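Input: a single structure, listed below in structure tokens.
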Amino acid sequence: MKFLFVLQYPGYLRYFDSVVEALLTRGHQVSVAFDQPHKQAEGLAAFKASGRAVEVLGRTPVRADVWEPVARGGRGAGGYIRYLHPRFADSPYLRNRMRKVLPPLTRFLGRWQMSTEGKTRRLLALLDACERAIPSNKNLDSFLQQVSPDVLIVSPLVTDQCPQVDMIKSARRVGIPSVLGVASWDHLTTKGLMRIQPDLVTLWNHHQRREAIEFHAASGDRIAITGAQCFDRWFDRKPRLSRERFCRRVGLPVDEAFIVFVGSTASISAPDTEVRFVKRWIEAIRLGPGTLSTLGILIRPHPYNSNHWQNVDLTGYRSVVVFPNQGANPVDDDDRADYYDTLHHSMAVVGINTSAMIEAGIQDRPVFTIIDSSFDRTQTGTLHFQYLLPENGGHLQRATSLDEHVSQLVSIIDTGGSHSSRRFIEAFVRPHGFDVPATPRFVTALEGLDHVAPIPPDAVSGLLVPLKAFLWAIGLAASRKRLKKRLIRFMINRWGRLKQEWRLPRLSRTIERPQLTKAALDAVSASGDVPKTQSEQSQNPR
């Protein structure tokens with residue numbers, strides 16, 4: 001079989017590289033294409049290192065027809081309206097993030113802060129009807145016909161104004177089964193809506209199954225719970241370096257225990273806010289009892305929120321290091337070994353709201369968090385963070401103050417005991433059993449689509465016919481307005497270049513005007529034909 005992965009950018013390969021490897025091992029063909037091929041391009045490093053025969057197609061075709069502004073407007077509106085629902089009343093961070101990316105056509109919706117459950121449901125139903133009225137794009141139809149995969153896999157599909165909706169529409173048009181591979185634990189609760197139903201949705205666990213059905217109207221019989229395939233790599237791995245060699249490498253004392261602070265993305269933990277909090281955290285630990293005054297501290301920045309740590313002066317703190325200093329995305333074996341060794345050799349891991357807290361749980365390390373006012377909206381204000389809390393079956397040891405957190409650390413470090421994370425990991429990461437990897441189940445689910453008839457294209461009939469005509473008119477007006485703006489911008493830029501080109505020759509002629517030498521002036525004077533000055537000419541008019 002031939003499988004085509006259409007991902008937002010190469011960084012998404014870290015979620016699916018084990019699936020791609022397994023498909024290749026089973027003799028299948030794999031192609032990958034990206035909506036944004038230059039973003040996080042290092043994601044391709046793992047494939048380059050392995051030398052496996054993955055066909056990289058580059059950028060997917062871009063929809064540029066009359067329907068494009070309507071599609072973007074509707075999808076952006078849906079992504080924002082979902083957060084007007086009362087269930088997201090305590091999530092202003094998510095609502096504000098979607099407000100900022102509302103497209104021009106529906107930007108007026110940003111004035112609404114909250115709505116009722118009924119009104120939100122009706123608005124989303126209207127947008128769903130609009131989506132069904134929008135046809136597939138001929139360029140994307142041709143792209144899929146040319147690549148000719150047996151199965152299309154997209155991710156994440158739920159970003160604001162996501163163009164992958166059009167890819168699934170084209171897959172329906174040409175008769176190719178489509179799959180949404182939900183990449184991360186927060187994608188169904190912190191982004192937009194699916195807007196279209198693929199033939200199969202692969203999920204980590206039963207929490208995500210509930211989210212897919214309740215929030216995205218996914219069909220239960222088209223869902224496969226496979227587990228978190230992106231974490232399979234951490235279960236059977238062994239440390240590359242001994243604890244002593246690792247400590248020497250990163251600059252920590254070899255005779256002292258150390259803990260790790262794992263950073264979050266910039267959207268969760270703003271750079272300046274993160275630095276201020278970590279400094280307060282370090283100072284609280286150093287004032288703690290027992291061995292906390294000499295406890296080693298390793299700060300591991302998030303790979304895409306690390307630049308600010310390069311200029312932070314921590315020399316005033318004993319046994320505190322930042323590693324890796326420039327951040328590293330664990331996409332190749334060396335970076336993955338460093339990451340694994342960091343968590344494996346630590347006594348405990350501390351974070352705000354990041355998937356590294358789950359990965360630390362896989363190694364059964366004690367995982368701590370502090371509920372701090374600096375992160376109210378991006379920590380407790382998100383739904384996915386709740387899954388990590390003990391009352392929801394999570395493995396986090398939560399503190400509401402730094403003093404409480406220090407007491408928790410003391411009890412772990414001095415006694416060496418903690419609650420195991422295994423029960424949480426088995427439910428959240430490997431729901432089919434702690435020793436049952438997710439990747440083979442994912443691959444089997446994909447192979448099972450070989451003889452499945454794909455969902456047909458939406459039929460435009462009844463009330464959708466006038467709605468389609470209305471949307472086409474809006475799209476035409478928006479396209480002409482956009483074309484007019486582009487034309488005006490082109491003419492302004494072109495006029496500016498023409499003026500510059502016109503002035504340069506004149507300036508050149510002024511500069512290059514030949515100057516008369518003294519000999520030439522003497523010759524002119526001798527002939528009596530001396531040019532008059534402008535003032536002389538004005539004084540002696542003809």
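A note on labels: chains of the structure tokens are A, B, ... as shown, every chain counts residues from 1, and ligands are counted from 1 in their shown order.
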
Backbone-only DSSP, alpha helix (DSSP H) members of segment 115-344 of chain A, as a compact mmCIF listing (two decimals) with N, CA and C atoms, in the first residue's frame:
# COMPACT_ATOMS: atom_id res chain seq x y z
N GLU A 117 -24.95 28.04 25.69
CA GLU A 117 -24.72 26.74 25.05
C GLU A 117 -25.55 26.61 23.77
N GLY A 118 -26.83 27.02 23.83
CA GLY A 118 -27.71 26.91 22.68
C GLY A 118 -27.26 27.77 21.51
N LYS A 119 -26.89 29.01 21.79
CA LYS A 119 -26.47 29.92 20.73
C LYS A 119 -25.18 29.44 20.09
N THR A 120 -24.26 28.97 20.91
CA THR A 120 -22.99 28.45 20.38
C THR A 120 -23.26 27.25 19.47
N ARG A 121 -24.12 26.36 19.90
CA ARG A 121 -24.44 25.17 19.11
C ARG A 121 -25.07 25.56 17.76
N ARG A 122 -25.98 26.54 17.77
CA ARG A 122 -26.64 26.96 16.52
C ARG A 122 -25.64 27.62 15.57
N LEU A 123 -24.74 28.44 16.10
CA LEU A 123 -23.75 29.09 15.25
C LEU A 123 -22.81 28.06 14.61
N LEU A 124 -22.41 27.07 15.39
CA LEU A 124 -21.53 26.05 14.85
C LEU A 124 -22.25 25.19 13.82
N ALA A 125 -23.55 24.96 14.03
CA ALA A 125 -24.33 24.21 13.04
C ALA A 125 -24.41 24.97 11.72
N LEU A 126 -24.58 26.30 11.79
CA LEU A 126 -24.60 27.12 10.59
C LEU A 126 -23.27 27.05 9.86
N LEU A 127 -22.18 27.15 10.61
CA LEU A 127 -20.85 27.09 9.99
C LEU A 127 -20.58 25.70 9.40
N ASP A 128 -21.12 24.67 10.03
CA ASP A 128 -20.98 23.32 9.49
C ASP A 128 -21.69 23.21 8.14
N ALA A 129 -22.88 23.82 8.04
CA ALA A 129 -23.60 23.83 6.76
C ALA A 129 -22.81 24.59 5.69
N CYS A 130 -22.19 25.69 6.09
CA CYS A 130 -21.37 26.46 5.15
C CYS A 130 -20.19 25.62 4.66
N GLU A 131 -19.58 24.87 5.57
CA GLU A 131 -18.44 24.03 5.20
C GLU A 131 -18.86 22.96 4.20
N ARG A 132 -20.03 22.37 4.40
CA ARG A 132 -20.50 21.33 3.49
C ARG A 132 -20.84 21.90 2.12
N ALA A 133 -21.16 23.18 2.06
CA ALA A 133 -21.49 23.82 0.77
C ALA A 133 -20.24 24.17 -0.03
N LYS A 138 -9.81 21.93 -7.24
CA LYS A 138 -9.31 21.15 -8.38
C LYS A 138 -7.81 20.91 -8.29
N ASN A 139 -7.06 21.89 -7.78
CA ASN A 139 -5.61 21.70 -7.66
C ASN A 139 -5.29 20.56 -6.69
N LEU A 140 -6.03 20.51 -5.58
CA LEU A 140 -5.80 19.45 -4.61
C LEU A 140 -6.30 18.11 -5.15
N ASP A 141 -7.42 18.14 -5.89
CA ASP A 141 -7.88 16.90 -6.53
C ASP A 141 -6.79 16.33 -7.43
N SER A 142 -6.20 17.19 -8.24
CA SER A 142 -5.16 16.75 -9.18
C SER A 142 -3.92 16.26 -8.43
N PHE A 143 -3.58 16.94 -7.34
CA PHE A 143 -2.41 16.54 -6.54
C PHE A 143 -2.58 15.11 -6.03
N LEU A 144 -3.75 14.80 -5.46
CA LEU A 144 -3.98 13.46 -4.93
C LEU A 144 -4.05 12.43 -6.05
N GLN A 145 -4.61 12.79 -7.18
CA GLN A 145 -4.66 11.86 -8.30
C GLN A 145 -3.25 11.55 -8.82
N GLN A 146 -2.38 12.56 -8.78
CA GLN A 146 -1.01 12.37 -9.26
C GLN A 146 -0.21 11.51 -8.28
N VAL A 147 -0.32 11.80 -6.98
CA VAL A 147 0.43 11.02 -5.97
C VAL A 147 -0.17 9.62 -5.85
N GLN A 164 -5.96 21.63 5.70
CA GLN A 164 -6.07 20.17 5.56
C GLN A 164 -7.53 19.72 5.41
N VAL A 165 -8.47 20.59 5.79
CA VAL A 165 -9.88 20.29 5.54
C VAL A 165 -10.10 20.11 4.04
N ASP A 166 -9.50 20.98 3.24
CA ASP A 166 -9.64 20.87 1.80
C ASP A 166 -8.97 19.61 1.26
N MET A 167 -7.90 19.17 1.91
CA MET A 167 -7.23 17.94 1.47
C MET A 167 -8.16 16.73 1.67
N ILE A 168 -8.88 16.71 2.79
CA ILE A 168 -9.81 15.60 3.03
C ILE A 168 -10.99 15.68 2.06
N LYS A 169 -11.45 16.90 1.75
CA LYS A 169 -12.52 17.03 0.75
C LYS A 169 -12.09 16.46 -0.60
N SER A 170 -10.86 16.74 -0.98
CA SER A 170 -10.35 16.22 -2.25
C SER A 170 -10.18 14.70 -2.18
N ALA A 171 -9.78 14.19 -1.02
CA ALA A 171 -9.66 12.74 -0.86
C ALA A 171 -11.03 12.08 -1.06
N ARG A 172 -12.07 12.70 -0.52
CA ARG A 172 -13.42 12.17 -0.75
C ARG A 172 -13.77 12.23 -2.24
N ARG A 173 -13.40 13.31 -2.88
CA ARG A 173 -13.76 13.50 -4.29
C ARG A 173 -13.10 12.43 -5.17
N VAL A 174 -11.85 12.09 -4.89
CA VAL A 174 -11.14 11.12 -5.75
C VAL A 174 -11.21 9.70 -5.19
N HIS A 187 -4.43 18.65 21.54
CA HIS A 187 -4.88 19.16 20.25
C HIS A 187 -6.40 19.25 20.13
N LEU A 188 -7.13 18.41 20.81
CA LEU A 188 -8.58 18.43 20.67
C LEU A 188 -9.24 19.45 21.60
N THR A 189 -8.48 20.04 22.52
CA THR A 189 -9.07 20.97 23.49
C THR A 189 -8.47 22.37 23.45
N THR A 190 -7.39 22.59 22.70
CA THR A 190 -6.76 23.92 22.71
C THR A 190 -6.70 24.57 21.33
N HIS A 206 -8.96 7.05 26.14
CA HIS A 206 -10.40 7.24 26.23
C HIS A 206 -10.78 8.69 26.55
N HIS A 207 -9.89 9.45 27.17
CA HIS A 207 -10.14 10.88 27.36
C HIS A 207 -10.31 11.57 26.01
N GLN A 208 -9.40 11.28 25.09
CA GLN A 208 -9.48 11.91 23.77
C GLN A 208 -10.68 11.40 22.98
N ARG A 209 -11.09 10.18 23.22
CA ARG A 209 -12.28 9.68 22.53
C ARG A 209 -13.51 10.52 22.94
N ARG A 210 -13.62 10.78 24.23
CA ARG A 210 -14.72 11.62 24.71
C ARG A 210 -14.63 13.02 24.10
N GLU A 211 -13.42 13.58 24.05
CA GLU A 211 -13.24 14.92 23.48
C GLU A 211 -13.64 14.94 21.99
N ALA A 212 -13.22 13.91 21.25
CA ALA A 212 -13.51 13.87 19.81
C ALA A 212 -15.01 13.81 19.56
N ILE A 213 -15.72 13.04 20.37
CA ILE A 213 -17.17 12.91 20.17
C ILE A 213 -17.90 14.15 20.67
N GLU A 214 -17.54 14.62 21.85
CA GLU A 214 -18.26 15.73 22.47
C GLU A 214 -17.94 17.07 21.84
N PHE A 215 -16.68 17.33 21.54
CA PHE A 215 -16.28 18.64 21.04
C PHE A 215 -16.24 18.72 19.51
N HIS A 216 -15.99 17.59 18.84
CA HIS A 216 -15.77 17.63 17.39
C HIS A 216 -16.79 16.80 16.61
N ARG A 243 25.39 7.98 35.23
CA ARG A 243 25.03 9.22 35.92
C ARG A 243 26.26 10.10 36.11
N GLU A 244 27.39 9.49 36.47
CA GLU A 244 28.61 10.27 36.71
C GLU A 244 29.07 10.96 35.43
N ARG A 245 29.09 10.24 34.32
CA ARG A 245 29.52 10.84 33.06
C ARG A 245 28.53 11.91 32.60
N PHE A 246 27.24 11.69 32.83
CA PHE A 246 26.26 12.70 32.42
C PHE A 246 26.44 13.98 33.23
N CYS A 247 26.62 13.86 34.53
CA CYS A 247 26.80 15.06 35.36
C CYS A 247 28.04 15.83 34.95
N ARG A 248 29.12 15.12 34.65
CA ARG A 248 30.32 15.81 34.20
C ARG A 248 30.06 16.54 32.88
N ARG A 249 29.30 15.91 32.01
CA ARG A 249 29.04 16.53 30.71
C ARG A 249 28.26 17.82 30.84
N VAL A 250 27.25 17.84 31.69
CA VAL A 250 26.40 19.04 31.78
C VAL A 250 26.93 20.05 32.77
N PRO A 271 8.63 33.85 27.82
CA PRO A 271 10.04 33.80 28.20
C PRO A 271 10.39 34.56 29.48
N ASP A 272 10.02 35.84 29.57
CA ASP A 272 10.37 36.62 30.76
C ASP A 272 9.68 36.07 32.01
N THR A 273 8.44 35.66 31.84
CA THR A 273 7.69 35.11 32.98
C THR A 273 8.34 33.82 33.46
N GLU A 274 8.76 32.99 32.53
CA GLU A 274 9.39 31.72 32.90
C GLU A 274 10.69 31.95 33.66
N VAL A 275 11.52 32.88 33.20
CA VAL A 275 12.79 33.15 33.87
C VAL A 275 12.56 33.67 35.29
N ARG A 276 11.63 34.61 35.44
CA ARG A 276 11.35 35.16 36.77
C ARG A 276 10.85 34.06 37.72
N PHE A 277 9.99 33.21 37.22
CA PHE A 277 9.47 32.14 38.07
C PHE A 277 10.57 31.17 38.46
N VAL A 278 11.39 30.77 37.51
CA VAL A 278 12.45 29.79 37.80
C VAL A 278 13.43 30.35 38.83
N LYS A 279 13.73 31.64 38.74
CA LYS A 279 14.63 32.23 39.74
C LYS A 279 13.99 32.21 41.13
N ARG A 280 12.71 32.52 41.21
CA ARG A 280 12.02 32.43 42.51
C ARG A 280 12.02 31.00 43.02
N TRP A 281 11.83 30.07 42.10
CA TRP A 281 11.81 28.65 42.45
C TRP A 281 13.17 28.20 42.99
N ILE A 282 14.25 28.61 42.31
CA ILE A 282 15.60 28.24 42.76
C ILE A 282 15.87 28.80 44.15
N GLU A 283 15.52 30.06 44.35
CA GLU A 283 15.76 30.70 45.66
C GLU A 283 14.97 30.01 46.77
N ALA A 284 13.74 29.59 46.47
CA ALA A 284 12.95 28.88 47.47
C ALA A 284 13.58 27.54 47.82
N ILE A 285 14.12 26.85 46.83
CA ILE A 285 14.78 25.57 47.08
C ILE A 285 16.04 25.77 47.91
N ARG A 286 16.81 26.77 47.60
CA ARG A 286 18.06 27.00 48.32
C ARG A 286 17.82 27.38 49.78
N ASP A 333 18.97 10.70 17.14
CA ASP A 333 19.30 9.79 18.23
C ASP A 333 20.15 10.46 19.31
N ASP A 334 21.07 11.34 18.93
CA ASP A 334 21.91 12.01 19.93
C ASP A 334 21.08 12.89 20.86
N ASP A 335 20.20 13.69 20.29
CA ASP A 335 19.37 14.57 21.12
C ASP A 335 18.39 13.76 21.97
N ARG A 336 17.90 12.67 21.42
CA ARG A 336 17.00 11.83 22.20
C ARG A 336 17.73 11.16 23.36
N ALA A 337 18.98 10.76 23.12
CA ALA A 337 19.76 10.17 24.20
C ALA A 337 20.00 11.18 25.32
N ASP A 338 20.33 12.41 24.95
CA ASP A 338 20.52 13.47 25.97
C ASP A 338 19.25 13.69 26.78
N TYR A 339 18.13 13.73 26.07
CA TYR A 339 16.86 13.97 26.75
C TYR A 339 16.51 12.82 27.69
N TYR A 340 16.67 11.61 27.20
CA TYR A 340 16.37 10.45 28.03
C TYR A 340 17.27 10.42 29.28
N ASP A 341 18.57 10.65 29.07
CA ASP A 341 19.51 10.62 30.20
C ASP A 341 19.18 11.70 31.22
N THR A 342 18.74 12.87 30.74
CA THR A 342 18.38 13.98 31.64
C THR A 342 17.28 13.54 32.60
N LEU A 343 16.22 12.95 32.06
CA LEU A 343 15.11 12.52 32.91
C LEU A 343 15.49 11.30 33.75
N HIS A 344 16.23 10.38 33.14
CA HIS A 344 16.53 9.11 33.81
C HIS A 344 17.38 9.32 35.07

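By chain and then residue number, the residues within 9 Å of Phe34 of chain A are Phe5, Val6, Leu7, Gln8, Tyr9, Pro10, Val56, Leu57, Gly58, Arg59 and Thr60 of chain A, counting only C-alpha atoms and disregarding those fewer than 6 positions away in sequence.
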
DSSP on the backbone: which residues in segment 28-169 of chain A end up as strand (DSSP E)? Give the answer as a VMD selection string. chain A and resid 29 to 34 55 to 59 151 to 155

Only C-alpha atoms, please: the residues just picked out, written as a PDB file, in the first residue's frame.
ATOM      1  CA  GLN A  29       5.464   3.071   0.371  1.00  0.00           C
ATOM      2  CA  VAL A  30       5.384   6.348   2.304  1.00  0.00           C
ATOM      3  CA  SER A  31       5.265   9.928   1.013  1.00  0.00           C
ATOM      4  CA  VAL A  32       5.140  13.104   3.105  1.00  0.00           C
ATOM      5  CA  ALA A  33       4.070  16.641   2.236  1.00  0.00           C
ATOM      6  CA  PHE A  34       3.765  19.784   4.330  1.00  0.00           C
ATOM      7  CA  GLU A  55       9.409  10.345  -0.580  1.00  0.00           C
ATOM      8  CA  VAL A  56       9.354  14.013   0.462  1.00  0.00           C
ATOM      9  CA  LEU A  57       6.991  15.948  -1.794  1.00  0.00           C
ATOM     10  CA  GLY A  58       7.579  19.411  -0.350  1.00  0.00           C
ATOM     11  CA  ARG A  59       4.729  21.868  -0.060  1.00  0.00           C
ATOM     12  CA  VAL A 151      -4.592   6.166   2.335  1.00  0.00           C
ATOM     13  CA  LEU A 152      -4.215   9.836   3.282  1.00  0.00           C
ATOM     14  CA  ILE A 153      -3.124  10.735   6.837  1.00  0.00           C
ATOM     15  CA  VAL A 154      -3.355  14.374   7.976  1.00  0.00           C
ATOM     16  CA  SER A 155      -2.366  16.144  11.155  1.00  0.00           C
TER      17      SER A 155
END

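For Arg72 of chain A, the set of protein, DNA and RNA residues having any atom at most 9 Å away, when counting only C-alpha atoms and skipping those fewer than 5 positions along the same chain, is Trp67, Ala77, Leu102, Pro103, Leu105, Asp160, Gln161, Cys162 and Pro163 of chain A.
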
Compile the contact shell of Pro177 of chain A as a PyMOL selection string: residues with an atom at most 8 Å away, counting only C-alpha atoms, same-chain residues fewer than 6 positions apart removed. chain A and resi 150-152+171+198-199+449+452-455

Could you pull the residues within 8 Å of Ile259 of chain A, counting only C-alpha atoms, minus those fewer than 5 positions along the same chain, as JSON, numbers by chain? {"A": [295, 296, 297, 298, 346, 347, 348, 349, 350]}

Write a file of the just-selected residues containing C-alpha atoms, as a compact mmCIF listing (two decimals), in the first residue's frame.
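Output file selection-v8.txt is given in full below:
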# COMPACT_ATOMS: atom_id res chain seq x y z
CA LEU A 295 20.80 20.03 45.39
CA GLY A 296 21.79 20.18 41.73
CA ILE A 297 19.32 21.89 39.39
CA LEU A 298 19.22 21.34 35.63
CA SER A 346 17.23 13.03 37.85
CA MET A 347 15.66 12.65 41.29
CA ALA A 348 12.51 14.51 40.24
CA VAL A 349 11.07 16.60 37.41
CA VAL A 350 9.26 19.93 37.80

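Comparing A:Gly251, A:Gly192, A:Pro37, A:Gly43 by their smallest distance to Gly76 of chain A, the closest is A:Gly192 (using only C-alpha atoms).
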
Excluding same-chain residues fewer than 6 positions from Ala477 of chain A, what lies within 12 Å of it counting only C-alpha atoms, as a PyMOL selection string? chain A and resi 66-70+105+470-471+483-484

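Using only C-alpha atoms, the smallest distance between any of A:Ser184, A:Thr226, A:Ser136, A:Gln40 and Val201 of chain A comes from A:Thr226.
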
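Contact shell of Gly327 of chain A at 6 Å (only C-alpha atoms; same-chain neighbours under 5 positions omitted): Pro301, Pro303 and Ser306 of chain A.
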
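Atom pair atom CA of Asn392 of chain A / atom CA of Arg423 of chain A has a distance of 11.9 Å (rounded to one decimal).
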